[in-house]
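**Student:** Quick one, query-v2.tsv (TSV, C-alpha atoms):
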```
chain	number	residue	atom	x	y	z
A	72	MET	CA	123.04	92.79	117.41
A	73	LYS	CA	124.81	95.22	115.12
A	74	ILE	CA	122.86	96.03	111.98
A	75	ALA	CA	125.76	94.99	109.76
A	76	GLU	CA	125.78	91.60	111.52
A	77	THR	CA	122.20	90.82	110.47
A	78	LEU	CA	123.26	90.30	106.85
A	79	GLU	CA	123.08	86.58	106.16
A	80	PRO	CA	125.45	84.64	103.88
A	81	LYS	CA	124.55	85.10	100.24
A	82	ARG	CA	123.24	81.56	99.77
A	83	ARG	CA	120.73	82.05	102.60
A	84	ARG	CA	119.42	85.48	101.64
A	85	GLN	CA	115.88	85.81	100.38
A	86	ALA	CA	115.34	89.03	98.42
A	87	SER	CA	112.14	91.04	98.53
A	88	GLY	CA	111.69	89.98	94.90
A	89	LEU	CA	109.38	92.42	93.17
A	90	VAL	CA	110.43	95.40	95.28
A	91	VAL	CA	114.08	94.75	94.44
A	92	LEU	CA	113.22	94.48	90.75
A	93	SER	CA	111.25	97.75	90.87
A	94	SER	CA	114.12	99.52	92.62
A	95	SER	CA	116.62	98.08	90.12
A	96	ARG	CA	114.50	99.24	87.18
A	97	SER	CA	114.29	102.73	88.68
A	98	PHE	CA	118.08	102.78	88.91
A	99	LYS	CA	118.51	101.49	85.36
A	100	ILE	CA	116.31	104.12	83.71
A	101	LEU	CA	117.64	107.05	85.75
A	102	VAL	CA	121.33	106.32	86.31
A	103	LYS	CA	122.87	107.49	83.03
A	104	LYS	CA	123.99	111.04	82.31
A	105	HIS	CA	121.40	111.41	79.54
A	106	SER	CA	118.58	109.58	81.36
A	107	SER	CA	115.23	111.18	82.12
A	108	GLN	CA	115.46	114.21	84.38
A	109	TRP	CA	111.82	114.45	85.48
A	110	VAL	CA	109.68	112.01	87.43
A	111	LEU	CA	105.91	111.89	87.90
A	112	GLU	CA	105.17	110.38	91.30
A	113	GLY	CA	101.79	108.68	90.96
A	114	ASP	CA	99.47	108.01	93.87
A	115	ILE	CA	96.06	106.41	93.34
A	116	LYS	CA	93.41	107.68	95.72
A	117	SER	CA	91.90	104.74	97.66
A	118	CYS	CA	92.76	102.24	94.93
A	119	PHE	CA	91.47	99.13	96.68
A	120	ASP	CA	88.38	100.91	98.01
A	121	LYS	CA	87.24	102.46	94.72
A	122	ILE	CA	88.18	100.06	91.94
A	123	SER	CA	85.21	99.45	89.63
A	124	HIS	CA	83.40	96.12	89.94
A	125	GLU	CA	81.80	96.63	86.54
A	126	TRP	CA	85.16	97.10	84.82
A	127	LEU	CA	86.69	94.06	86.52
A	128	ILE	CA	83.77	91.79	85.64
A	129	LYS	CA	83.91	92.93	82.02
A	130	HIS	CA	87.68	92.70	81.52
A	131	ALA	CA	89.17	90.22	84.02
A	132	MET	CA	89.95	86.92	82.28
A	133	MET	CA	88.55	84.55	84.87
A	134	ASP	CA	85.28	82.86	85.82
A	135	LYS	CA	82.79	85.75	86.03
A	136	GLU	CA	80.49	84.10	88.56
A	137	ILE	CA	83.36	83.36	90.94
A	138	LEU	CA	84.65	86.91	90.50
A	139	LYS	CA	81.21	88.39	91.30
A	140	LYS	CA	81.05	86.32	94.48
A	141	TRP	CA	84.53	87.50	95.51
A	142	LEU	CA	83.69	91.15	94.87
A	143	ASN	CA	80.35	91.04	96.69
A	144	ALA	CA	81.43	88.83	99.60
A	145	GLY	CA	82.01	91.73	102.01
A	146	TYR	CA	84.30	91.53	105.01
A	147	VAL	CA	84.14	91.44	108.81
A	148	GLU	CA	86.08	93.91	110.96
A	149	ASN	CA	85.71	94.11	114.76
A	150	ASN	CA	82.78	91.69	114.51
A	151	VAL	CA	80.94	94.04	112.13
A	152	PHE	CA	80.02	93.00	108.58
A	153	HIS	CA	80.80	95.52	105.84
A	154	ARG	CA	79.34	95.33	102.34
A	155	THR	CA	81.62	95.69	99.32
A	156	ASP	CA	79.49	97.42	96.70
A	157	GLU	CA	82.67	98.90	95.23
A	158	GLY	CA	86.38	98.18	95.52
A	159	THR	CA	88.06	95.11	96.91
A	160	PRO	CA	89.15	94.95	100.59
A	161	GLN	CA	92.83	95.72	101.10
A	162	GLY	CA	94.32	92.61	102.66
A	163	GLY	CA	91.93	90.28	100.87
A	164	ILE	CA	93.75	87.38	99.23
A	165	ILE	CA	92.46	88.24	95.75
A	166	SER	CA	92.80	92.04	96.05
A	167	PRO	CA	96.43	92.39	94.82
A	168	THR	CA	95.66	90.23	91.77
A	169	LEU	CA	92.58	92.29	90.87
A	170	ALA	CA	94.50	95.54	91.29
A	171	ASN	CA	97.25	94.24	88.99
A	172	ILE	CA	94.65	93.20	86.41
A	173	ALA	CA	93.14	96.69	86.46
A	174	LEU	CA	96.48	98.49	86.13
A	175	ASP	CA	98.21	96.05	83.78
A	176	ASP	CA	97.73	98.12	80.59
A	177	LEU	CA	98.92	101.40	82.09
A	178	GLU	CA	102.37	101.17	80.49
A	179	ALA	CA	100.93	100.52	77.04
A	180	ALA	CA	98.57	103.51	77.38
A	181	ILE	CA	101.48	105.78	78.31
A	182	LYS	CA	103.74	104.50	75.54
A	183	ARG	CA	101.11	105.34	72.92
A	184	VAL	CA	101.48	109.07	73.55
A	185	ALA	CA	105.26	109.22	73.92
A	186	ARG	CA	108.13	109.02	71.47
A	187	ARG	CA	111.27	107.04	72.22
A	188	GLU	CA	113.48	110.13	72.52
A	189	GLU	CA	111.18	111.53	75.22
A	190	LYS	CA	112.44	108.82	77.60
A	191	VAL	CA	109.05	108.02	79.09
A	192	HIS	CA	109.21	104.90	81.28
A	193	LEU	CA	106.84	103.41	83.85
A	194	VAL	CA	107.92	101.61	87.03
A	195	ARG	CA	105.03	100.09	88.97
A	196	TYR	CA	104.67	97.93	92.06
A	197	ALA	CA	101.00	97.11	92.83
A	198	ASP	CA	99.25	100.52	93.00
A	199	ASP	CA	102.45	102.56	93.49
A	200	PHE	CA	104.15	103.86	90.37
A	201	ILE	CA	106.43	106.49	88.85
A	202	VAL	CA	106.74	107.70	85.26
A	203	THR	CA	109.95	109.28	83.97
A	204	GLY	CA	110.20	111.84	81.18
A	205	ALA	CA	112.76	114.01	79.41
A	206	THR	CA	110.88	117.21	80.29
A	207	ARG	CA	108.29	118.38	82.76
A	208	GLU	CA	105.99	119.45	79.91
A	209	ILE	CA	105.77	115.91	78.51
A	210	LEU	CA	104.67	114.51	81.85
A	211	GLU	CA	102.31	117.39	82.60
A	212	SER	CA	100.59	117.87	79.24
A	213	ARG	CA	100.55	114.36	77.74
A	214	VAL	CA	101.34	111.61	80.22
A	215	LYS	CA	99.29	112.79	83.21
A	216	PRO	CA	96.04	113.27	81.19
A	217	VAL	CA	96.40	109.74	79.78
A	218	ILE	CA	96.86	108.33	83.29
A	219	THR	CA	93.86	110.32	84.54
A	220	ASP	CA	91.61	108.93	81.77
A	221	PHE	CA	92.99	105.42	82.30
A	222	MET	CA	92.14	105.56	86.01
A	223	LYS	CA	88.70	107.09	85.46
A	224	GLU	CA	87.68	104.18	83.23
A	225	ARG	CA	88.45	101.83	86.13
A	226	GLY	CA	86.66	103.90	88.77
A	227	LEU	CA	89.91	105.33	90.11
A	228	GLU	CA	91.56	108.75	90.35
A	229	LEU	CA	94.96	110.21	91.15
A	230	SER	CA	95.42	111.90	94.50
A	231	PRO	CA	95.92	115.64	93.79
A	232	GLU	CA	97.91	116.10	96.99
A	233	LYS	CA	100.33	113.20	96.54
A	234	THR	CA	100.75	113.11	92.76
A	235	LYS	CA	103.52	115.48	91.72
A	236	ILE	CA	106.28	116.01	89.16
A	237	THR	CA	109.82	116.24	90.52
A	238	HIS	CA	113.28	116.84	89.08
A	239	ILE	CA	115.75	114.03	89.74
A	240	ASP	CA	118.18	116.48	91.41
A	241	GLU	CA	115.46	117.19	93.99
A	242	GLY	CA	114.80	113.49	94.50
A	243	PHE	CA	111.69	111.46	95.20
A	244	ASP	CA	110.51	108.64	97.47
A	245	PHE	CA	109.29	105.33	96.02
A	246	LEU	CA	108.59	102.06	97.87
A	247	GLY	CA	110.41	103.32	100.96
A	248	PHE	CA	113.52	104.37	98.98
A	249	ASN	CA	114.75	107.84	98.07
A	250	ALA	CA	116.25	108.27	94.60
A	251	ARG	CA	118.22	111.43	93.88
A	252	LYS	CA	121.16	112.62	91.80
A	253	TYR	CA	124.04	114.30	93.60
A	254	GLY	CA	126.28	116.14	91.15
A	255	GLY	CA	125.02	113.90	88.36
A	256	LYS	CA	125.44	110.63	90.30
A	257	LEU	CA	122.29	108.68	91.15
A	258	LEU	CA	122.04	107.30	94.67
A	259	ILE	CA	119.14	105.25	96.00
A	260	LYS	CA	118.94	105.32	99.81
A	261	PRO	CA	116.40	104.46	102.51
A	262	ALA	CA	113.80	107.24	102.66
A	263	LYS	CA	113.87	109.50	105.73
A	264	LYS	CA	110.22	108.72	106.50
A	265	GLY	CA	111.05	105.02	106.66
A	266	ILE	CA	114.02	105.62	108.96
A	267	LYS	CA	111.92	107.71	111.34
A	268	SER	CA	109.09	105.16	111.30
A	269	PHE	CA	111.52	102.33	112.05
A	270	LEU	CA	113.12	104.14	115.00
A	271	ASP	CA	109.69	105.08	116.36
A	272	ASP	CA	108.76	101.39	116.19
A	273	ILE	CA	111.96	100.41	118.03
A	274	ARG	CA	111.30	103.02	120.75
A	275	GLY	CA	107.71	101.84	121.10
A	276	THR	CA	108.82	98.22	121.37
A	277	VAL	CA	111.42	99.00	124.05
A	278	LYS	CA	108.91	101.09	125.98
A	279	SER	CA	106.28	98.34	125.87
A	280	MET	CA	108.84	95.77	127.13
A	281	ARG	CA	110.10	97.88	130.02
A	282	ALA	CA	109.95	94.97	132.49
A	283	ALA	CA	111.08	92.25	130.05
A	284	LYS	CA	114.19	90.14	130.46
A	285	THR	CA	117.20	91.46	128.60
A	286	GLU	CA	117.51	88.38	126.38
A	287	ASN	CA	113.82	88.58	125.43
A	288	LEU	CA	114.08	92.23	124.45
A	289	ILE	CA	117.24	91.66	122.39
A	290	LYS	CA	115.69	88.65	120.65
A	291	TYR	CA	112.56	90.63	119.77
A	292	LEU	CA	114.52	93.65	118.52
A	293	ASN	CA	116.82	91.48	116.40
A	294	VAL	CA	113.85	90.18	114.41
A	295	LYS	CA	112.75	93.74	113.61
A	296	ILE	CA	116.28	94.89	112.78
A	297	GLN	CA	116.95	91.94	110.51
A	298	GLY	CA	113.70	92.42	108.60
A	299	TRP	CA	114.38	96.13	108.04
A	300	VAL	CA	117.99	95.60	106.99
A	301	ASN	CA	117.11	92.80	104.57
A	302	TYR	CA	114.68	95.14	102.83
A	303	TYR	CA	117.24	97.93	102.36
A	304	ARG	CA	120.49	96.00	101.96
A	305	HIS	CA	120.50	96.38	98.18
A	306	CYS	CA	120.69	100.19	98.19
A	307	VAL	CA	123.22	102.79	99.41
A	308	ALA	CA	122.58	102.26	103.11
A	309	LYS	CA	125.94	102.07	104.95
A	310	ALA	CA	125.60	105.53	106.54
A	311	THR	CA	121.97	104.81	107.45
A	312	PHE	CA	122.88	101.47	109.06
A	313	ASN	CA	125.63	103.15	111.11
A	314	TYR	CA	123.21	105.87	112.22
A	315	LEU	CA	120.63	103.27	113.26
A	316	ASP	CA	123.27	101.21	115.08
A	317	ASN	CA	124.13	104.22	117.19
A	318	SER	CA	120.50	105.25	117.75
A	319	ILE	CA	119.39	101.76	118.80
A	320	PHE	CA	122.38	101.44	121.13
A	321	TRP	CA	121.33	104.57	123.03
A	322	ILE	CA	117.67	103.54	123.08
A	323	VAL	CA	118.61	100.20	124.70
A	324	TRP	CA	121.19	101.89	126.97
A	325	LYS	CA	118.47	104.19	128.28
A	326	TRP	CA	116.18	101.20	128.84
A	327	ALA	CA	118.92	99.37	130.75
```
Kindly present the structure from the file in structure tokens form.

**Tutor:**
Amino acid sequence: MKIAETLEPKRRRQASGLVVLSSSRSFKILVKKHSSQWVLEGDIKSCFDKISHEWLIKHAMMDKEILKKWLNAGYVENNVFHRTDEGTPQGGIISPTLANIALDDLEAAIKRVARREEKVHLVRYADDFIVTGATREILESRVKPVITDFMKERGLELSPEKTKITHIDEGFDFLGFNARKYGGKLLIKPAKKGIKSFLDDIRGTVKSMRAAKTENLIKYLNVKIQGWVNYYRHCVAKATFNYLDNSIFWIVWKWA
């Protein structure tokens, strides 16, 4: 199956809702000539593992007894029980909701220290976020300290290695996309890391199905290809899709 052929008719498409909205908001606040030029790429260190139980119990607007039971329930992995004295297990059905509750006021906290002309905007999806600003100094001296204090109150901290401030002409990765201005024009494309990871997955799949029937291999690969393409079909991805078409062809040719 050609990658371009995996695109379904418009009436049957199901968008990756919140991710698409986050990507669209990133485009909207960065696309104009006079938009923000600097971006703080935020990364929370072990968000789900470190989030404060005490803060959640005090501030989450839900039944406190039920919440305490959820937080202290623990989890089982490889037949071994693990206590949850802090944090909330990633993959737990309530974990995304609790993380959103904890981070919900981040935008308001940032807006309190920024003026309108400084073009400070937050885009967040779960625990991944970026903050734009007119200058590097605004993000470094005012916005980042506010975020640090905000996280500390909730038992969290920014990752020093992964949190950085980048100029839009240099570009940045967010939610698997790369946003960058080329000669003043903003393009959002699939990130190189995601492309490499996808091709590695395809190679691993083909290798693991070395003795499979041709139709079974093609059917299995088509599911992976369609899922990946549906995620990235809203961005500037034509060149990437063509590159992957060619790469997958030679991977399957070699298998055959």

**Student:** Grab the atom CA of A:Ser117 to atom CA of A:Arg207 distance for me, in Å with one decimal place.

**Tutor:**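 That distance, rounded to one decimal, is 26.0 Å.
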
**Student:** Compile the contact shell of A:Phe320 as a VMD selection string: residues with an atom at most 12 Å away, counting all atoms listed in the file, same-chain residues fewer than 4 positions apart removed.

**Tutor:** chain A and resid 72 to 74 270 273 to 274 277 289 292 313 to 316 324 to 327

**Student:** Can you tell me how far atom CA of A:Leu177 sits from atom CA of A:Phe98, in Å to one decimal?

**Tutor:**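 These atoms are spaced 20.4 Å apart.
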
**Student:** In Å, with one decimal, what is the gap from atom CA of A:Ile128 to atom CA of A:Asn149?

**Tutor:**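 These two atoms are separated by 29.3 Å.
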
**Student:** Using all atoms listed in the file for the distances, tell me which of A:Pro216, A:Gly275, A:Gly113, A:Gly242 is nearest to A:Lys263.

**Tutor:** A:Gly242

**Student:** Restricting the calculation to all atoms listed in the file: of A:Lys278, A:Leu127, A:Ile218, A:Ile115, which residue gets closest to A:Ser230?

**Tutor:**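 Between A:Lys278, A:Leu127, A:Ile218, A:Ile115, the residue approaching A:Ser230 most closely is A:Ile115.
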
**Student:** List the spatial neighbours of stretch 200-202 of chain A as a short mmCIF file (atom, residue, chain, number, x, y, z; two decimals) with C-alpha atoms, in the frame of the given file - criterion: any atom at most 7 Å away, all atoms listed in the file, same-chain residues fewer than 6 positions off excluded.

**Tutor:**
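Below you can see part-v3.cif, which holds the result:
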```
data_model
loop_
_atom_site.label_atom_id
_atom_site.label_comp_id
_atom_site.auth_asym_id
_atom_site.auth_seq_id
_atom_site.Cartn_x
_atom_site.Cartn_y
_atom_site.Cartn_z
CA VAL A 110 109.68 112.01 87.43
CA LEU A 111 105.91 111.89 87.90
CA GLU A 112 105.17 110.38 91.30
CA GLY A 113 101.79 108.68 90.96
CA VAL A 191 109.05 108.02 79.09
CA HIS A 192 109.21 104.90 81.28
CA LEU A 193 106.84 103.41 83.85
CA VAL A 194 107.92 101.61 87.03
#
```

**Student:** Using only C-alpha atoms, can you tell me which of A:Val214, A:Ile100, A:Leu288, A:Ala144 comes closest to A:Glu178?

**Tutor:** A:Val214

**Student:** When you count only C-alpha atoms, which of these residues is closest to A:Met222: A:Ile172, A:Ile181, A:Met133, A:Ile122?

**Tutor:**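 Of the candidates, the smallest distance to A:Met222 is held by A:Ile122.
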